[in-house]
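Below is one structure, written out as structure tokens; comments come after it.
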Amino acid sequence: MTTFGAWSTADEVLTGMDLRGSNALVTGGYSGLGLEITRALSRAGARVIVPARRTDLARRALLGTGRVDILALDLADLASVRAFSPPVATLDIVIANAGIMAWPETRVGDGWEAHFAINHLGHYALVNHLRPALVPGRTRVVSVSSSGHFLSGLRWEDPHFERGYDRWLAYAQSKTANALFAVHLNRMGIQAHAVHPGSILTPLQRHISREEQVAQGWITADGRPAEGFKTPAQGAATATWAATSPALDGLGGTYLQDCAVAAPATTDDMLVGGVKPWAVDPVGAARLWELSAKLTGMDVFT
Ligand SMILES: NC(=O)c1ccc[n+]([C@@H]2O[C@H](COP(=O)([O-])OP(=O)(O)OC[C@H]3O[C@@H](n4cnc5c(N)ncnc54)[C@H](OP(=O)(O)O)[C@@H]3O)[C@@H](O)[C@H]2O)c1
């Protein structure tokens with residue numbers, strides 16, 4: 001199905017592709033993986049819209065990158081999502097990439113747990129808000145999930161952790177939500193994929209101490225990435241592939257890793273990867289959509 005794999009880079013995935021005339025939107029497209037995705041899409045000719053929580057930082061990070069529009073957006077704030085106005089009428093690619101991980105307990109909006117709110121509800125609301133620019137049969141939406149989803153399905157009885165907080169379960173639930181979002185959006189007629197990008201050292205780990213990262217086996221004692229970690233350019237490849245590869249025509253609703261459709265997970269080892277059943281369950285995906293519509297008051301698809 002693909003000639004690309006775990007160590008491919010976003011530029012390699014786009015080799016020979018001419019994206020001139022295409023419009024892409026990449027949330028968080030100014031840090032870590034998003035920055036690499038933005039740069040690669042831009043080098044291939046796309047116009048890239050980058051919604052940014054910190055526009056000054058985005059401007060500095062994207063200085064010298066081709067045609068990029070940086071617009072203010074805070075995914076934690078529904079009013080900010082509703083006020084967001086992309087400068088194009090149609091979007092060929094939407095990459096819901098922005099995210100937070102392992103934050104101390106934080107509440108946003110109506111007391112929502114921050115991972116669920118920013119990683120999932122903010123993107124749910126944004127895609128609904130952008131609906132007029134999404135064209136069935138043309139637009140692809142990529143929802144950046146994680147093998148972190150292994151640790152938790154949706155906590156239907158307590159999605160906002162009102163009965164006790166765990167920062168890893170909060171991240172895990174939000175990443176399952178990212179995967180389920182792709183399943184149901186695809187069912188609603190817009191080709192959508194969920195992606196696990198791999199393990200990559202980026203500012204995402206800002207709340208994890210160096211000692212903890214060594215203990216987790218993510219970095220060596222002298223601060224280098226552990227074996228098996230990808231570079232940011234490699235980490236950007238699967239999302240870029242999901243957004244553009246003709247090999248995925250008609251294969252929406254899938255969970256991808258290493259530039260391939262992931263197999264069902266056979267172990268609990270996140271580094272081995274694969275996808276857990278609760279992250280691709282269409283019943284759970286429909287239920288999450290309903291919950292998200294209720295919480296945000298937005299649903300223009302059904
Ligand atoms: N790195 C990994 O190993 C890994 C593994 C699996 C999955 N992922 C997923 O990959 C995605 C990108 O992660 P990364 O590693 O590139 O992290 P990163 O460098 O920290 O980038 C995250 C981006 O999200 C933005 N963001 C955070 N909160 C926001 C908000 N409220 N509104 C708008 N934007 C917001 C950040 O903007 P500010 O800096 O302005 O807050 C930043 O630009 C995430 O969804 C993550 O879960 C990463």
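Quick note on naming: the chains in the structure tokens go A, B, ... in the order shown, residues restart at 1 in each chain, and ligands are numbered from 1 in order of appearance.
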Using only C-alpha atoms and all ligand atoms, find each residue in chain A having at least one atom no more than 8 Å away from ligand 1; report its shortest atom-to-atom pair and that distance in Å (one decimal), rows by chain then rising number, as a tab-separated table.
residue	atom	partner	partner_atom_place_in_ligand_line	distance
A:Thr27	CA	ligand 1	34 (N)	6.2
A:Gly28	CA	ligand 1	43 (O)	3.4
A:Gly29	CA	ligand 1	43 (O)	5.8
A:Tyr30	CA	ligand 1	43 (O)	5.1
A:Ser31	CA	ligand 1	19 (O)	4.2
A:Gly32	CA	ligand 1	16 (O)	3.5
A:Leu33	CA	ligand 1	16 (O)	3.8
A:Gly34	CA	ligand 1	16 (O)	5.4
A:Leu35	CA	ligand 1	16 (O)	7.4
A:Pro51	CA	ligand 1	33 (C)	6.9
A:Ala52	CA	ligand 1	33 (C)	5.5
A:Arg53	CA	ligand 1	33 (C)	4.4
A:Arg54	CA	ligand 1	40 (O)	4.4
A:Thr55	CA	ligand 1	40 (O)	7.6
A:Leu57	CA	ligand 1	40 (O)	7.1
A:Ala58	CA	ligand 1	40 (O)	7.7
A:Leu73	CA	ligand 1	33 (C)	5.7
A:Asp74	CA	ligand 1	32 (N)	3.7
A:Leu75	CA	ligand 1	32 (N)	3.8
A:Ala76	CA	ligand 1	31 (N)	4.5
A:Asp77	CA	ligand 1	31 (N)	7.4
A:Ala96	CA	ligand 1	45 (O)	7.5
A:Asn97	CA	ligand 1	45 (O)	4.6
A:Ala98	CA	ligand 1	24 (O)	3.3
A:Gly99	CA	ligand 1	45 (O)	3.9
A:Ile100	CA	ligand 1	27 (C)	5.3
A:Met101	CA	ligand 1	47 (O)	6.3
A:Ile118	CA	ligand 1	31 (N)	5.4
A:Asn119	CA	ligand 1	45 (O)	6.6
A:Gly122	CA	ligand 1	32 (N)	7.8
A:Val144	CA	ligand 1	45 (O)	5.2
A:Ser145	CA	ligand 1	7 (C)	5.5
A:Ser146	CA	ligand 1	7 (C)	4.1
A:Ser147	CA	ligand 1	6 (C)	6.3
A:Gly148	CA	ligand 1	6 (C)	6.8
A:Tyr171	CA	ligand 1	47 (O)	7.8
A:Lys175	CA	ligand 1	47 (O)	6.9
A:His196	CA	ligand 1	6 (C)	5.6
A:Pro197	CA	ligand 1	6 (C)	5.4
A:Gly198	CA	ligand 1	5 (C)	5.3
A:Ser199	CA	ligand 1	3 (O)	3.6
A:Ile200	CA	ligand 1	3 (O)	3.7
A:Leu201	CA	ligand 1	1 (N)	5.5
A:Thr202	CA	ligand 1	15 (O)	4.8
A:Pro203	CA	ligand 1	20 (O)	4.2
A:Leu204	CA	ligand 1	20 (O)	3.4
A:Gln205	CA	ligand 1	20 (O)	7.0
A:Arg206	CA	ligand 1	20 (O)	7.5
A:Phe229	CA	ligand 1	3 (O)	7.9
A:Pro232	CA	ligand 1	16 (O)	7.7
A:Gly235	CA	ligand 1	2 (C)	7.5
If you count only C-alpha atoms, which residues fall within 8 Å of Ala6 in chain A, apart from same-chain ones fewer than 4 positions away, as a PyMOL selection string? chain A and resi 198+234+257-259
Pick from A:Thr240, A:Ser174, A:Gln213, A:Thr3, whichever lies nearest to Leu19 in chain A using only C-alpha atoms: A:Thr240
Report as a compact mmCIF listing (two decimals) with all heavy atoms, in the first residue's frame all protein, DNA and RNA residues lying within 9 Å of range 43-46 of chain A, evaluated on only C-alpha atoms, omitting residues in the same chain fewer than 5 positions from it.
# COMPACT_ATOMS: atom_id res chain seq x y z
N ASP A 11 8.85 15.44 4.15
CA ASP A 11 9.29 15.83 2.81
C ASP A 11 9.34 14.62 1.87
O ASP A 11 8.96 14.71 0.70
CB ASP A 11 10.69 16.48 2.85
CG ASP A 11 10.62 17.93 3.28
OD1 ASP A 11 9.57 18.58 3.06
OD2 ASP A 11 11.62 18.43 3.84
N LEU A 14 6.02 13.69 0.57
CA LEU A 14 5.46 14.65 -0.41
C LEU A 14 6.30 14.75 -1.68
O LEU A 14 5.95 15.53 -2.57
CB LEU A 14 5.36 16.04 0.23
CG LEU A 14 4.32 16.16 1.36
CD1 LEU A 14 4.40 17.54 2.01
CD2 LEU A 14 2.92 15.92 0.82
N THR A 15 7.35 13.96 -1.78
CA THR A 15 8.20 14.03 -2.97
C THR A 15 7.36 13.83 -4.24
O THR A 15 6.58 12.87 -4.32
CB THR A 15 9.31 12.96 -2.92
OG1 THR A 15 10.06 13.18 -1.75
CG2 THR A 15 10.23 13.04 -4.13
N GLY A 16 7.51 14.74 -5.17
CA GLY A 16 6.79 14.61 -6.45
C GLY A 16 5.36 15.13 -6.39
O GLY A 16 4.66 15.11 -7.41
N MET A 17 4.90 15.56 -5.23
CA MET A 17 3.53 16.10 -5.15
C MET A 17 3.55 17.60 -5.34
O MET A 17 4.39 18.30 -4.78
CB MET A 17 2.91 15.79 -3.79
CG MET A 17 2.43 14.37 -3.70
SD MET A 17 1.23 14.22 -2.38
CE MET A 17 1.23 12.46 -2.22
N ASP A 18 2.61 18.07 -6.12
CA ASP A 18 2.49 19.51 -6.36
C ASP A 18 1.22 20.00 -5.68
O ASP A 18 0.12 19.72 -6.13
CB ASP A 18 2.43 19.76 -7.87
CG ASP A 18 2.37 21.25 -8.18
OD1 ASP A 18 2.32 22.06 -7.23
OD2 ASP A 18 2.35 21.59 -9.38
N LEU A 19 1.37 20.69 -4.57
CA LEU A 19 0.21 21.14 -3.81
C LEU A 19 -0.13 22.60 -4.09
O LEU A 19 -0.90 23.21 -3.33
CB LEU A 19 0.44 20.92 -2.30
CG LEU A 19 0.66 19.46 -1.86
CD1 LEU A 19 0.79 19.39 -0.34
CD2 LEU A 19 -0.48 18.55 -2.32
N ARG A 20 0.44 23.14 -5.18
CA ARG A 20 0.06 24.52 -5.50
C ARG A 20 -1.44 24.58 -5.78
O ARG A 20 -1.99 23.69 -6.41
CB ARG A 20 0.85 25.01 -6.73
CG ARG A 20 2.27 25.41 -6.37
CD ARG A 20 3.07 25.78 -7.57
NE ARG A 20 3.23 24.62 -8.46
CZ ARG A 20 3.86 24.65 -9.63
NH1 ARG A 20 4.40 25.77 -10.05
NH2 ARG A 20 3.96 23.57 -10.37
N GLY A 21 -2.08 25.60 -5.23
CA GLY A 21 -3.53 25.72 -5.39
C GLY A 21 -4.30 25.05 -4.26
O GLY A 21 -5.52 25.18 -4.18
N SER A 22 -3.60 24.32 -3.38
CA SER A 22 -4.27 23.66 -2.24
C SER A 22 -4.19 24.54 -1.01
O SER A 22 -3.18 25.22 -0.77
CB SER A 22 -3.59 22.34 -1.89
OG SER A 22 -3.66 21.45 -2.94
N ASN A 23 -5.26 24.49 -0.21
CA ASN A 23 -5.27 25.20 1.06
C ASN A 23 -5.26 24.19 2.20
O ASN A 23 -6.09 23.27 2.22
CB ASN A 23 -6.53 26.05 1.18
CG ASN A 23 -6.61 27.11 0.10
OD1 ASN A 23 -5.60 27.74 -0.22
ND2 ASN A 23 -7.79 27.29 -0.48
N ALA A 24 -4.33 24.39 3.13
CA ALA A 24 -4.26 23.50 4.29
C ALA A 24 -4.39 24.33 5.56
O ALA A 24 -4.06 25.52 5.58
CB ALA A 24 -2.93 22.76 4.29
N THR A 38 3.73 21.95 8.65
CA THR A 38 3.51 23.23 7.95
C THR A 38 4.61 23.49 6.94
O THR A 38 4.36 23.84 5.78
CB THR A 38 3.44 24.38 8.97
OG1 THR A 38 2.35 24.14 9.85
CG2 THR A 38 3.25 25.73 8.29
N THR A 65 9.05 30.79 6.02
CA THR A 65 8.28 29.68 5.43
C THR A 65 7.36 30.29 4.38
O THR A 65 6.87 31.40 4.59
CB THR A 65 7.44 28.98 6.53
OG1 THR A 65 8.31 28.61 7.58
CG2 THR A 65 6.75 27.73 5.99
N GLY A 66 7.10 29.60 3.28
CA GLY A 66 6.33 30.12 2.14
C GLY A 66 5.04 30.85 2.46
O GLY A 66 5.00 31.73 3.32
N ARG A 67 3.94 30.49 1.82
CA ARG A 67 2.68 31.20 2.00
C ARG A 67 1.96 30.68 3.23
O ARG A 67 1.30 29.63 3.18
CB ARG A 67 1.82 31.04 0.75
CG ARG A 67 0.55 31.84 0.88
CD ARG A 67 0.16 32.50 -0.40
NE ARG A 67 -0.87 33.48 -0.14
CZ ARG A 67 -1.89 33.70 -0.93
NH1 ARG A 67 -2.01 33.02 -2.05
NH2 ARG A 67 -2.77 34.63 -0.64
N VAL A 68 2.09 31.39 4.32
CA VAL A 68 1.50 30.96 5.59
C VAL A 68 0.69 32.11 6.17
O VAL A 68 1.15 33.25 6.19
CB VAL A 68 2.61 30.56 6.59
CG1 VAL A 68 2.02 30.23 7.95
CG2 VAL A 68 3.39 29.35 6.08
Where in range 82-288 of chain A does DSSP assign alpha helix (DSSP H), given as a ChimeraX atom specification? /A:82-83,114,122-129,167-187,210-216,232-235,237-244,282-288
Which range 33-113 of chain A residues have any atom within 10 Å of an atom of range 279-297 of chain A, and for each, what is the nearest pair of atoms with distance in Å to one decimal, counting only C-alpha atoms, rows sorted by chain and number, as a Markdown table?
| residue | atom | partner | partner_atom | distance |
| --- | --- | --- | --- | --- |
| A:Leu78 | CA | A:Thr296 | CA | 7.5 |
| A:Gly109 | CA | A:Thr296 | CA | 10.0 |
| A:Asp110 | CA | A:Leu295 | CA | 9.0 |
| A:Trp112 | CA | A:Leu295 | CA | 9.4 |
Could you write out that same residue set with N, CA, C and O atoms as a compact mmCIF listing (two decimals), in the first residue's frame?
# COMPACT_ATOMS: atom_id res chain seq x y z
N LEU A 78 -14.36 28.50 23.26
CA LEU A 78 -15.31 28.35 22.15
C LEU A 78 -15.59 29.67 21.44
O LEU A 78 -15.83 29.68 20.22
N GLY A 109 -13.15 26.80 30.07
CA GLY A 109 -14.56 26.93 29.67
C GLY A 109 -15.49 26.70 30.85
O GLY A 109 -15.32 27.26 31.92
N ASP A 110 -16.45 25.81 30.62
CA ASP A 110 -17.45 25.52 31.65
C ASP A 110 -16.95 24.51 32.69
O ASP A 110 -17.68 23.58 33.06
N TRP A 112 -14.48 22.46 32.10
CA TRP A 112 -14.04 21.26 31.37
C TRP A 112 -12.59 20.93 31.70
O TRP A 112 -11.76 21.82 31.87
When distances are computed from only C-alpha atoms, which of A:Ala102, A:Leu154, A:Leu185, A:Leu251 shows the smallest separation from Arg131 in chain A?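 Distance minimum relative to Arg131 in chain A lands on A:Leu185.
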At a cut-off of 9 Å, using only C-alpha atoms, what residues contact Trp103 in chain A? Leave out same-chain residues fewer than 3 positions from it and give the result as a PyMOL selection string. chain A and resi 100+106+114-115+167-168+170-171+206-208
